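Structure below is target00.cif: mmCIF, C-alpha atoms and all ligand atoms.
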data_my_file
loop_
_atom_site.group_PDB
_atom_site.id
_atom_site.type_symbol
_atom_site.label_atom_id
_atom_site.label_comp_id
_atom_site.auth_asym_id
_atom_site.auth_seq_id
_atom_site.Cartn_x
_atom_site.Cartn_y
_atom_site.Cartn_z
ATOM 1 C CA MET A 246 0.000 0.000 0.000
ATOM 2 C CA LYS A 247 3.030 2.253 0.300
ATOM 3 C CA SER A 248 2.890 3.223 -3.360
ATOM 4 C CA ASN A 249 -0.799 4.077 -2.985
ATOM 5 C CA ASN A 250 0.001 6.314 -0.078
ATOM 6 C CA ARG A 251 2.668 8.002 -2.144
ATOM 7 C CA ARG A 252 0.240 8.491 -4.997
ATOM 8 C CA ALA A 253 -2.331 9.976 -2.657
ATOM 9 C CA PHE A 254 0.384 12.210 -1.257
ATOM 10 C CA ILE A 255 1.325 13.460 -4.692
ATOM 11 C CA GLY A 256 -2.324 14.139 -5.449
ATOM 12 C CA ASN A 257 -2.397 16.519 -2.540
ATOM 13 C CA SER A 258 1.131 17.817 -2.968
ATOM 14 C CA ALA A 259 -0.039 21.297 -3.878
ATOM 15 C CA LYS A 260 -1.179 21.628 -0.318
ATOM 16 C CA ALA A 261 1.794 19.834 1.257
ATOM 17 C CA SER A 262 4.126 21.828 3.407
ATOM 18 C CA VAL A 263 7.886 21.800 2.981
ATOM 19 C CA ALA A 264 8.091 19.987 6.306
ATOM 20 C CA THR A 265 6.131 16.989 5.029
ATOM 21 C CA LEU A 266 8.143 16.768 1.816
ATOM 22 C CA ILE A 267 11.220 15.562 3.659
ATOM 23 C CA VAL A 268 9.475 12.307 4.657
ATOM 24 C CA LEU A 269 9.553 11.102 1.048
ATOM 25 C CA PRO A 270 11.838 8.068 0.876
ATOM 26 C CA SER A 271 13.929 9.279 -2.057
ATOM 27 C CA LEU A 272 13.933 11.531 -5.073
ATOM 28 C CA GLY A 273 13.681 8.416 -7.255
ATOM 29 C CA ALA A 274 10.489 7.305 -5.517
ATOM 30 C CA PHE A 275 9.136 10.837 -5.807
ATOM 31 C CA ILE A 276 9.687 10.898 -9.566
ATOM 32 C CA GLU A 277 8.327 7.370 -9.963
ATOM 33 C CA SER A 278 5.160 8.235 -8.064
ATOM 34 C CA CYS A 279 4.696 11.434 -10.078
ATOM 35 C CA GLY A 280 4.662 9.296 -13.211
ATOM 36 C CA THR A 281 2.122 6.917 -11.691
ATOM 37 C CA ALA A 282 -0.093 9.769 -10.562
ATOM 38 C CA LYS A 283 -0.386 10.994 -14.133
ATOM 39 C CA SER A 284 -1.659 7.619 -15.284
ATOM 40 C CA THR A 285 -4.589 7.523 -12.881
ATOM 41 C CA THR A 286 -8.008 7.802 -14.417
ATOM 42 C CA ILE A 287 -9.885 11.039 -15.045
ATOM 43 C CA GLY A 288 -11.062 12.581 -11.790
ATOM 44 C CA GLY A 289 -12.501 15.685 -10.241
ATOM 45 C CA SER A 290 -10.920 18.360 -8.115
ATOM 46 C CA ASN A 291 -10.162 17.779 -4.431
ATOM 47 C CA LYS A 292 -13.289 19.730 -3.546
ATOM 48 C CA ILE A 293 -15.500 16.907 -4.746
ATOM 49 C CA LYS A 294 -13.371 14.015 -3.488
ATOM 50 C CA THR A 295 -14.878 11.515 -1.064
ATOM 51 C CA GLY A 296 -13.823 10.773 2.512
ATOM 52 C CA PHE A 297 -14.410 7.538 4.435
ATOM 53 C CA ASP A 298 -17.051 8.965 6.788
ATOM 54 C CA GLN A 299 -20.661 9.624 5.843
ATOM 55 C CA VAL A 300 -21.477 13.258 5.144
ATOM 56 C CA PRO A 301 -24.857 14.203 6.684
ATOM 57 C CA LEU A 302 -27.761 13.938 4.274
ATOM 58 C CA PRO A 303 -28.193 17.390 2.693
ATOM 59 C CA TYR A 304 -32.029 17.257 3.144
ATOM 60 C CA GLY A 305 -34.600 15.516 5.343
ATOM 61 C CA TYR A 306 -35.612 11.863 4.976
ATOM 62 C CA ASN A 307 -39.026 13.028 3.743
ATOM 63 C CA ALA A 308 -37.658 15.631 1.319
ATOM 64 C CA LEU A 309 -37.804 13.447 -1.783
ATOM 65 C CA GLU A 310 -41.450 12.422 -1.269
ATOM 66 C CA PRO A 311 -43.453 11.307 -3.117
ATOM 67 C CA TRP A 312 -40.786 9.963 -5.482
ATOM 68 C CA ILE A 313 -38.636 8.331 -2.797
ATOM 69 C CA ASP A 314 -40.444 7.611 0.466
ATOM 70 C CA THR A 315 -39.309 8.641 3.947
ATOM 71 C CA LEU A 316 -38.835 5.150 5.392
ATOM 72 C CA THR A 317 -36.719 4.060 2.415
ATOM 73 C CA MET A 318 -34.500 7.128 2.787
ATOM 74 C CA ASP A 319 -34.095 6.572 6.535
ATOM 75 C CA ILE A 320 -33.182 2.881 6.229
ATOM 76 C CA HIS A 321 -31.089 3.436 3.111
ATOM 77 C CA PHE A 322 -28.979 6.184 4.699
ATOM 78 C CA ASN A 323 -28.799 4.974 8.305
ATOM 79 C CA LYS A 324 -28.527 1.229 7.769
ATOM 80 C CA HIS A 325 -27.318 0.301 4.290
ATOM 81 C CA ALA A 326 -25.062 3.276 3.541
ATOM 82 C CA ALA A 327 -23.860 3.537 7.151
ATOM 83 C CA ALA A 328 -22.738 -0.086 6.997
ATOM 84 C CA TYR A 329 -20.663 0.527 3.856
ATOM 85 C CA SER A 330 -18.901 3.416 5.582
ATOM 86 C CA LYS A 331 -18.223 1.389 8.747
ATOM 87 C CA ASN A 332 -16.987 -1.615 6.750
ATOM 88 C CA VAL A 333 -14.750 0.317 4.371
ATOM 89 C CA LYS A 334 -13.013 1.885 7.381
ATOM 90 C CA GLU A 335 -12.485 -1.576 8.863
ATOM 91 C CA ALA A 336 -11.025 -2.770 5.571
ATOM 92 C CA ALA A 337 -8.827 0.320 5.364
ATOM 93 C CA ILE A 338 -7.364 -0.328 8.816
ATOM 94 C CA ALA A 339 -6.751 -3.992 7.982
ATOM 95 C CA GLU A 340 -5.152 -3.085 4.629
ATOM 96 C CA LYS A 341 -3.147 -0.124 5.925
ATOM 97 C CA VAL A 342 -4.914 2.542 3.898
ATOM 98 C CA ASP A 343 -4.700 6.117 5.170
ATOM 99 C CA ILE A 344 -8.327 7.166 5.682
ATOM 100 C CA THR A 345 -7.388 10.838 5.756
ATOM 101 C CA LYS A 346 -6.750 10.526 2.009
ATOM 102 C CA PRO A 347 -9.547 10.457 -0.617
ATOM 103 C CA LEU A 348 -11.342 7.148 -1.109
ATOM 104 C CA GLU A 349 -10.945 7.648 -4.852
ATOM 105 C CA ASP A 350 -7.232 6.763 -4.576
ATOM 106 C CA VAL A 351 -8.220 3.283 -3.404
ATOM 107 C CA LEU A 352 -10.965 2.850 -5.996
ATOM 108 C CA TYR A 353 -8.621 3.647 -8.918
ATOM 109 C CA ASN A 354 -6.557 0.591 -7.884
ATOM 110 C CA ILE A 355 -9.297 -1.560 -6.378
ATOM 111 C CA SER A 356 -8.003 -4.776 -7.962
ATOM 112 C CA LYS A 357 -5.087 -4.625 -5.498
ATOM 113 C CA TYR A 358 -7.409 -4.740 -2.467
ATOM 114 C CA SER A 359 -9.784 -7.231 -0.820
ATOM 115 C CA VAL A 360 -13.343 -8.049 -1.835
ATOM 116 C CA LYS A 361 -14.446 -6.339 1.385
ATOM 117 C CA MET A 362 -12.744 -3.131 0.272
ATOM 118 C CA ARG A 363 -14.254 -3.377 -3.229
ATOM 119 C CA ASN A 364 -17.811 -3.947 -2.009
ATOM 120 C CA ASN A 365 -17.765 -1.410 0.800
ATOM 121 C CA GLY A 366 -15.473 1.181 -0.773
ATOM 122 C CA GLY A 367 -17.711 1.154 -3.832
ATOM 123 C CA GLY A 368 -20.819 1.109 -1.651
ATOM 124 C CA HIS A 369 -19.685 4.100 0.370
ATOM 125 C CA TYR A 370 -18.557 6.151 -2.637
ATOM 126 C CA ASN A 371 -21.680 5.377 -4.661
ATOM 127 C CA HIS A 372 -24.079 6.387 -1.890
ATOM 128 C CA GLU A 373 -22.204 9.569 -0.968
ATOM 129 C CA LEU A 374 -22.506 10.534 -4.647
ATOM 130 C CA PHE A 375 -26.138 9.435 -4.915
ATOM 131 C CA TRP A 376 -27.394 11.676 -2.080
ATOM 132 C CA LYS A 377 -25.691 14.724 -3.565
ATOM 133 C CA CYS A 378 -27.124 14.086 -7.024
ATOM 134 C CA LEU A 379 -30.685 14.199 -5.675
ATOM 135 C CA GLN A 380 -32.593 17.268 -4.598
ATOM 136 C CA PRO A 381 -36.152 17.979 -3.432
ATOM 137 C CA ASN A 382 -38.322 19.669 -6.066
ATOM 138 C CA ALA A 383 -35.320 19.714 -8.352
ATOM 139 C CA ASN A 384 -36.813 20.868 -11.650
ATOM 140 C CA THR A 385 -33.297 21.608 -12.842
ATOM 141 C CA GLN A 386 -31.922 20.920 -16.303
ATOM 142 C CA PRO A 387 -28.387 20.530 -17.595
ATOM 143 C CA THR A 388 -27.039 23.789 -18.992
ATOM 144 C CA GLY A 389 -23.823 25.245 -20.375
ATOM 145 C CA LYS A 390 -20.850 22.996 -21.094
ATOM 146 C CA LEU A 391 -22.552 19.887 -19.742
ATOM 147 C CA LEU A 392 -25.599 20.336 -21.972
ATOM 148 C CA THR A 393 -23.342 20.934 -24.976
ATOM 149 C CA ALA A 394 -21.430 17.721 -24.232
ATOM 150 C CA ILE A 395 -24.623 15.678 -23.802
ATOM 151 C CA LEU A 396 -26.036 17.002 -27.078
ATOM 152 C CA LYS A 397 -22.760 16.211 -28.848
ATOM 153 C CA ASP A 398 -22.640 12.612 -27.628
ATOM 154 C CA PHE A 399 -26.356 11.722 -27.582
ATOM 155 C CA GLY A 400 -28.066 14.113 -30.009
ATOM 156 C CA SER A 401 -30.650 15.144 -27.424
ATOM 157 C CA LEU A 402 -31.268 15.158 -23.692
ATOM 158 C CA ASP A 403 -34.196 12.797 -24.174
ATOM 159 C CA GLU A 404 -32.007 10.295 -26.003
ATOM 160 C CA MET A 405 -29.480 10.320 -23.144
ATOM 161 C CA LYS A 406 -32.283 9.812 -20.611
ATOM 162 C CA LYS A 407 -33.748 6.985 -22.680
ATOM 163 C CA GLN A 408 -30.423 5.138 -22.873
ATOM 164 C CA PHE A 409 -29.675 5.704 -19.168
ATOM 165 C CA SER A 410 -33.147 4.492 -18.130
ATOM 166 C CA GLU A 411 -32.675 1.387 -20.258
ATOM 167 C CA ALA A 412 -29.340 0.661 -18.568
ATOM 168 C CA ALA A 413 -30.963 1.085 -15.143
ATOM 169 C CA LYS A 414 -33.981 -1.080 -15.961
ATOM 170 C CA THR A 415 -32.000 -3.896 -17.542
ATOM 171 C CA ARG A 416 -29.191 -4.198 -14.970
ATOM 172 C CA PHE A 417 -29.851 -7.747 -13.785
ATOM 173 C CA GLY A 418 -29.992 -8.073 -10.023
ATOM 174 C CA SER A 419 -28.353 -5.432 -7.848
ATOM 175 C CA GLY A 420 -26.213 -2.637 -9.206
ATOM 176 C CA TRP A 421 -26.026 0.883 -10.553
ATOM 177 C CA ALA A 422 -26.538 2.804 -13.797
ATOM 178 C CA TRP A 423 -24.060 5.587 -14.579
ATOM 179 C CA LEU A 424 -23.527 8.680 -16.646
ATOM 180 C CA LEU A 425 -19.766 9.067 -16.812
ATOM 181 C CA VAL A 426 -17.025 10.973 -18.576
ATOM 182 C CA ALA A 427 -14.366 8.773 -20.173
ATOM 183 C CA SER A 428 -10.696 9.795 -20.358
ATOM 184 C CA ASP A 429 -11.253 11.091 -23.925
ATOM 185 C CA LYS A 430 -13.980 13.381 -22.447
ATOM 186 C CA LYS A 431 -16.746 11.460 -24.186
ATOM 187 C CA ILE A 432 -19.891 11.053 -22.083
ATOM 188 C CA LEU A 433 -20.958 7.434 -21.700
ATOM 189 C CA ILE A 434 -23.718 5.404 -20.096
ATOM 190 C CA SER A 435 -22.908 2.169 -18.318
ATOM 191 C CA SER A 436 -24.142 -0.069 -15.579
ATOM 192 C CA THR A 437 -22.201 -2.027 -12.974
ATOM 193 C CA ALA A 438 -23.071 -4.984 -10.743
ATOM 194 C CA ASN A 439 -23.137 -4.859 -6.956
ATOM 195 C CA GLN A 440 -21.270 -1.777 -5.679
ATOM 196 C CA ASP A 441 -18.723 -1.461 -8.479
ATOM 197 C CA ASN A 442 -18.367 1.904 -10.205
ATOM 198 C CA PRO A 443 -16.601 3.526 -13.184
ATOM 199 C CA LEU A 444 -13.636 4.762 -11.106
ATOM 200 C CA MET A 445 -12.527 1.181 -10.497
ATOM 201 C CA ASP A 446 -9.731 -0.330 -12.562
ATOM 202 C CA ILE A 447 -11.900 -3.439 -13.006
ATOM 203 C CA ALA A 448 -14.820 -1.506 -14.572
ATOM 204 C CA GLU A 449 -15.710 -2.250 -18.192
ATOM 205 C CA ALA A 450 -16.483 1.436 -18.841
ATOM 206 C CA LYS A 451 -13.955 3.518 -16.898
ATOM 207 C CA GLY A 452 -14.237 7.211 -16.171
ATOM 208 C CA PHE A 453 -15.498 9.876 -13.831
ATOM 209 C CA PRO A 454 -19.118 9.350 -12.719
ATOM 210 C CA LEU A 455 -21.352 12.404 -13.147
ATOM 211 C CA PHE A 456 -24.250 10.635 -11.449
ATOM 212 C CA GLY A 457 -25.415 7.136 -10.651
ATOM 213 C CA LEU A 458 -28.753 5.524 -9.938
ATOM 214 C CA ASP A 459 -28.962 2.856 -7.255
ATOM 215 C CA VAL A 460 -31.056 -0.022 -8.597
ATOM 216 C CA TRP A 461 -30.619 -2.345 -5.623
ATOM 217 C CA GLU A 462 -34.083 -3.330 -4.386
ATOM 218 C CA HIS A 463 -33.318 -1.692 -1.014
ATOM 219 C CA ALA A 464 -33.396 1.666 -2.854
ATOM 220 C CA TYR A 465 -37.003 1.368 -4.026
ATOM 221 C CA TYR A 466 -38.798 -1.810 -2.949
ATOM 222 C CA LEU A 467 -40.918 -0.433 -0.060
ATOM 223 C CA LYS A 468 -42.676 2.002 -2.396
ATOM 224 C CA TYR A 469 -42.314 0.453 -5.840
ATOM 225 C CA GLN A 470 -41.993 -3.313 -5.152
ATOM 226 C CA ASN A 471 -41.275 -4.940 -8.537
ATOM 227 C CA ARG A 472 -41.853 -1.719 -10.513
ATOM 228 C CA ARG A 473 -38.251 -0.663 -10.996
ATOM 229 C CA ALA A 474 -39.199 1.117 -14.230
ATOM 230 C CA ASP A 475 -41.460 3.552 -12.314
ATOM 231 C CA TYR A 476 -38.676 4.298 -9.835
ATOM 232 C CA VAL A 477 -36.273 4.981 -12.724
ATOM 233 C CA GLU A 478 -38.822 7.250 -14.415
ATOM 234 C CA ASN A 479 -39.390 9.298 -11.233
ATOM 235 C CA PHE A 480 -35.661 9.613 -10.529
ATOM 236 C CA TRP A 481 -35.396 12.254 -13.282
ATOM 237 C CA LYS A 482 -37.733 14.555 -11.329
ATOM 238 C CA ILE A 483 -35.372 14.852 -8.360
ATOM 239 C CA LEU A 484 -32.022 14.948 -10.111
ATOM 240 C CA ASN A 485 -29.788 17.835 -9.027
ATOM 241 C CA TRP A 486 -28.373 19.008 -12.360
ATOM 242 C CA ASN A 487 -26.658 21.976 -10.695
ATOM 243 C CA TYR A 488 -24.440 19.651 -8.674
ATOM 244 C CA ILE A 489 -23.921 17.373 -11.676
ATOM 245 C CA SER A 490 -22.801 20.383 -13.755
ATOM 246 C CA GLU A 491 -20.412 21.295 -10.959
ATOM 247 C CA ARG A 492 -18.911 17.815 -11.196
ATOM 248 C CA PHE A 493 -18.598 18.072 -14.974
ATOM 249 C CA ASN A 494 -16.953 21.496 -14.732
ATOM 250 C CA SER A 495 -14.449 20.207 -12.156
ATOM 251 C CA ILE A 496 -12.705 17.783 -14.513
HETATM 252 MN MN MN3 B 501 -28.191 1.565 -1.895
#
Mind converting the file's structure to structure tokens?
Ligand code: MN3
Amino acid sequence: MKSNNRRAFIGNSAKASVATLIVLPSLGAFIESCGTAKSTTIGGSNKIKTGFDQVPLPYGYNALEPWIDTLTMDIHFNKHAAAYSKNVKEAAIAEKVDITKPLEDVLYNISKYSVKMRNNGGGHYNHELFWKCLQPNANTQPTGKLLTAILKDFGSLDEMKKQFSEAAKTRFGSGWAWLLVASDKKILISSTANQDNPLMDIAEAKGFPLFGLDVWEHAYYLKYQNRRADYVENFWKILNWNYISERFNSI
């Protein structure tokens, strides 16, 4: 894990003090880790990086009614998502990961870690992102550079939504649908199983996730039961495009 720590260090080196620089093992290692840092996947600024602790929900449990019900939000945040955060910290301690560094640094190299880290690191990251991408009474639309990019890659906003909804509805079993930016800046739609995500080196479609939709049954079953398609349809009504644009503009 030492090289990961070095990579994480380099990622934050703009903020590092001269005093901390002297702990680097050698100039050779410094140069080597600079080279590795460049090869990491596309990512956002430090401002939108993810820590290992849960950030408080930015709205009440009932705020997304009637599209996502209060009890689902309460259980989802306080039980399911809380468990991912607790478990990823356990895995981090066991695998000597510095939890003061962004979780993204682990996810970029997830194939080098345990299954526990993959499931819970992904689970924690995905949920922290999910809450921020939702908003009560959203009624927002993509604008500016993000809208231009969507139109370029999909032809229309409706076409993007159609393809995303299809990915969400057809993901077999538990998983997520994603809108992501690939390293060539092309906007893609993908879906992943379980708690995997596009940041991971094992992902089929790699890139920076703009938003994801949780299609595990725990995300919708109390209200929608087997009607995943209705849940997917209603998701568009509470999507926080302002935050999603902020993510797009940060890369
Ligand atoms: Mn979930």
Please extract the residues at most 7 Å from ligand MN3 501 (chain B), counting only C-alpha atoms and all ligand atoms, and provide them as a PDB file with C-alpha atoms, keeping the file's coordinate frame, using the chain letters and residue numbers of this document.
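Generated file (selection13.pdb):
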ATOM      1  CA  HIS A 321     -31.089   3.436   3.111  1.00  0.00           C
ATOM      2  CA  HIS A 325     -27.318   0.301   4.290  1.00  0.00           C
ATOM      3  CA  ALA A 326     -25.062   3.276   3.541  1.00  0.00           C
ATOM      4  CA  HIS A 372     -24.079   6.387  -1.890  1.00  0.00           C
ATOM      5  CA  ASP A 459     -28.962   2.856  -7.255  1.00  0.00           C
ATOM      6  CA  TRP A 461     -30.619  -2.345  -5.623  1.00  0.00           C
ATOM      7  CA  HIS A 463     -33.318  -1.692  -1.014  1.00  0.00           C
ATOM      8  CA  ALA A 464     -33.396   1.666  -2.854  1.00  0.00           C
TER       9      ALA A 464
END
ask   = What does the distance between atom CA of Tyr465 of chain A and atom CA of Thr385 of chain A come to in Å, to one decimal place?
value =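 If I compute the distance from atom CA of Tyr465 of chain A to atom CA of Thr385 of chain A, I get 22.4 Å.
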- Message: For a quick check of your reading of the model, name the residues lying within 8 Å of the coordinate (-25.8, -0.8, -7.3), counting only C-alpha atoms, and write them as number ranges by chain.
- Response: A: 368, 371, 419-422, 437-441, 458-461
Next on the checklist: Since I can't run it myself right now, could you work out what the PyMOL selection byres (((chain A and resi 380) around 12) and not hetatm) selects here and report it as a ChimeraX atom specification?
Outcome noted: /A:302-310,312-313,375-379,381-385,480-489
Take the selection from the previous step and output its residues with C-alpha atoms, as a PDB file, keeping the file's coordinate frame.
ATOM      1  CA  LEU A 302     -27.761  13.938   4.274  1.00  0.00           C
ATOM      2  CA  PRO A 303     -28.193  17.390   2.693  1.00  0.00           C
ATOM      3  CA  TYR A 304     -32.029  17.257   3.144  1.00  0.00           C
ATOM      4  CA  GLY A 305     -34.600  15.516   5.343  1.00  0.00           C
ATOM      5  CA  TYR A 306     -35.612  11.863   4.976  1.00  0.00           C
ATOM      6  CA  ASN A 307     -39.026  13.028   3.743  1.00  0.00           C
ATOM      7  CA  ALA A 308     -37.658  15.631   1.319  1.00  0.00           C
ATOM      8  CA  LEU A 309     -37.804  13.447  -1.783  1.00  0.00           C
ATOM      9  CA  GLU A 310     -41.450  12.422  -1.269  1.00  0.00           C
ATOM     10  CA  TRP A 312     -40.786   9.963  -5.482  1.00  0.00           C
ATOM     11  CA  ILE A 313     -38.636   8.331  -2.797  1.00  0.00           C
ATOM     12  CA  PHE A 375     -26.138   9.435  -4.915  1.00  0.00           C
ATOM     13  CA  TRP A 376     -27.394  11.676  -2.080  1.00  0.00           C
ATOM     14  CA  LYS A 377     -25.691  14.724  -3.565  1.00  0.00           C
ATOM     15  CA  CYS A 378     -27.124  14.086  -7.024  1.00  0.00           C
ATOM     16  CA  LEU A 379     -30.685  14.199  -5.675  1.00  0.00           C
ATOM     17  CA  PRO A 381     -36.152  17.979  -3.432  1.00  0.00           C
ATOM     18  CA  ASN A 382     -38.322  19.669  -6.066  1.00  0.00           C
ATOM     19  CA  ALA A 383     -35.320  19.714  -8.352  1.00  0.00           C
ATOM     20  CA  ASN A 384     -36.813  20.868 -11.650  1.00  0.00           C
ATOM     21  CA  THR A 385     -33.297  21.608 -12.842  1.00  0.00           C
ATOM     22  CA  PHE A 480     -35.661   9.613 -10.529  1.00  0.00           C
ATOM     23  CA  TRP A 481     -35.396  12.254 -13.282  1.00  0.00           C
ATOM     24  CA  LYS A 482     -37.733  14.555 -11.329  1.00  0.00           C
ATOM     25  CA  ILE A 483     -35.372  14.852  -8.360  1.00  0.00           C
ATOM     26  CA  LEU A 484     -32.022  14.948 -10.111  1.00  0.00           C
ATOM     27  CA  ASN A 485     -29.788  17.835  -9.027  1.00  0.00           C
ATOM     28  CA  TRP A 486     -28.373  19.008 -12.360  1.00  0.00           C
ATOM     29  CA  ASN A 487     -26.658  21.976 -10.695  1.00  0.00           C
ATOM     30  CA  TYR A 488     -24.440  19.651  -8.674  1.00  0.00           C
ATOM     31  CA  ILE A 489     -23.921  17.373 -11.676  1.00  0.00           C
TER      32      ILE A 489
END
Judged by only C-alpha atoms, the minimum distance to Leu455 of chain A among A:Ala412, A:Leu374, A:Leu467, A:Leu396 is found for A:Leu374
Selection near Phe399 of chain A, 12 Å with all atoms listed in the file, sequence-local residues under 5 positions removed, as a PyMOL selection string | chain A and resi 391-394+404-409+424+431-434
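Nearest to Val477 of chain A of all the residues A:Pro387, A:Gly457, A:Gly366, A:Gly452 is A:Gly457, counting only C-alpha atoms.
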Could you tell me how far atom CA of Ser330 of chain A sits from atom CA of Met362 of chain A, in Å to one decimal place?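 So the two atoms, atom CA of Met362 of chain A and atom CA of Ser330 of chain A, lie 10.4 Å apart.
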Using all atoms listed in the file, which protein or nucleic acid residues come within 10 Å of Lys390 of chain A? Drop anything in the same chain fewer than 5 positions from it, and give the result as number ranges by chain. A: 395-396, 490, 493-494
Residues of the last selection are to be written out with C-alpha atoms, as a PDB file, in the coordinates of the input.
ATOM      1  CA  ILE A 395     -24.623  15.678 -23.802  1.00  0.00           C
ATOM      2  CA  LEU A 396     -26.036  17.002 -27.078  1.00  0.00           C
ATOM      3  CA  SER A 490     -22.801  20.383 -13.755  1.00  0.00           C
ATOM      4  CA  PHE A 493     -18.598  18.072 -14.974  1.00  0.00           C
ATOM      5  CA  ASN A 494     -16.953  21.496 -14.732  1.00  0.00           C
TER       6      ASN A 494
END
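Among the candidates A:Ala450, A:Ala413, A:Val351, A:Val342, the residue lying nearest to Lys294 of chain A is A:Val351 (atoms considered: only C-alpha atoms).
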Chain and number of each residue from the PyMOL selection byres (((chain A and resi 447) around 8) and not hetatm), as a ChimeraX atom specification: /A:355-356,445-446,448-449
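Note that the spacing between atom CA of Leu352 of chain A and atom CA of Thr388 of chain A amounts to 29.4 Å.
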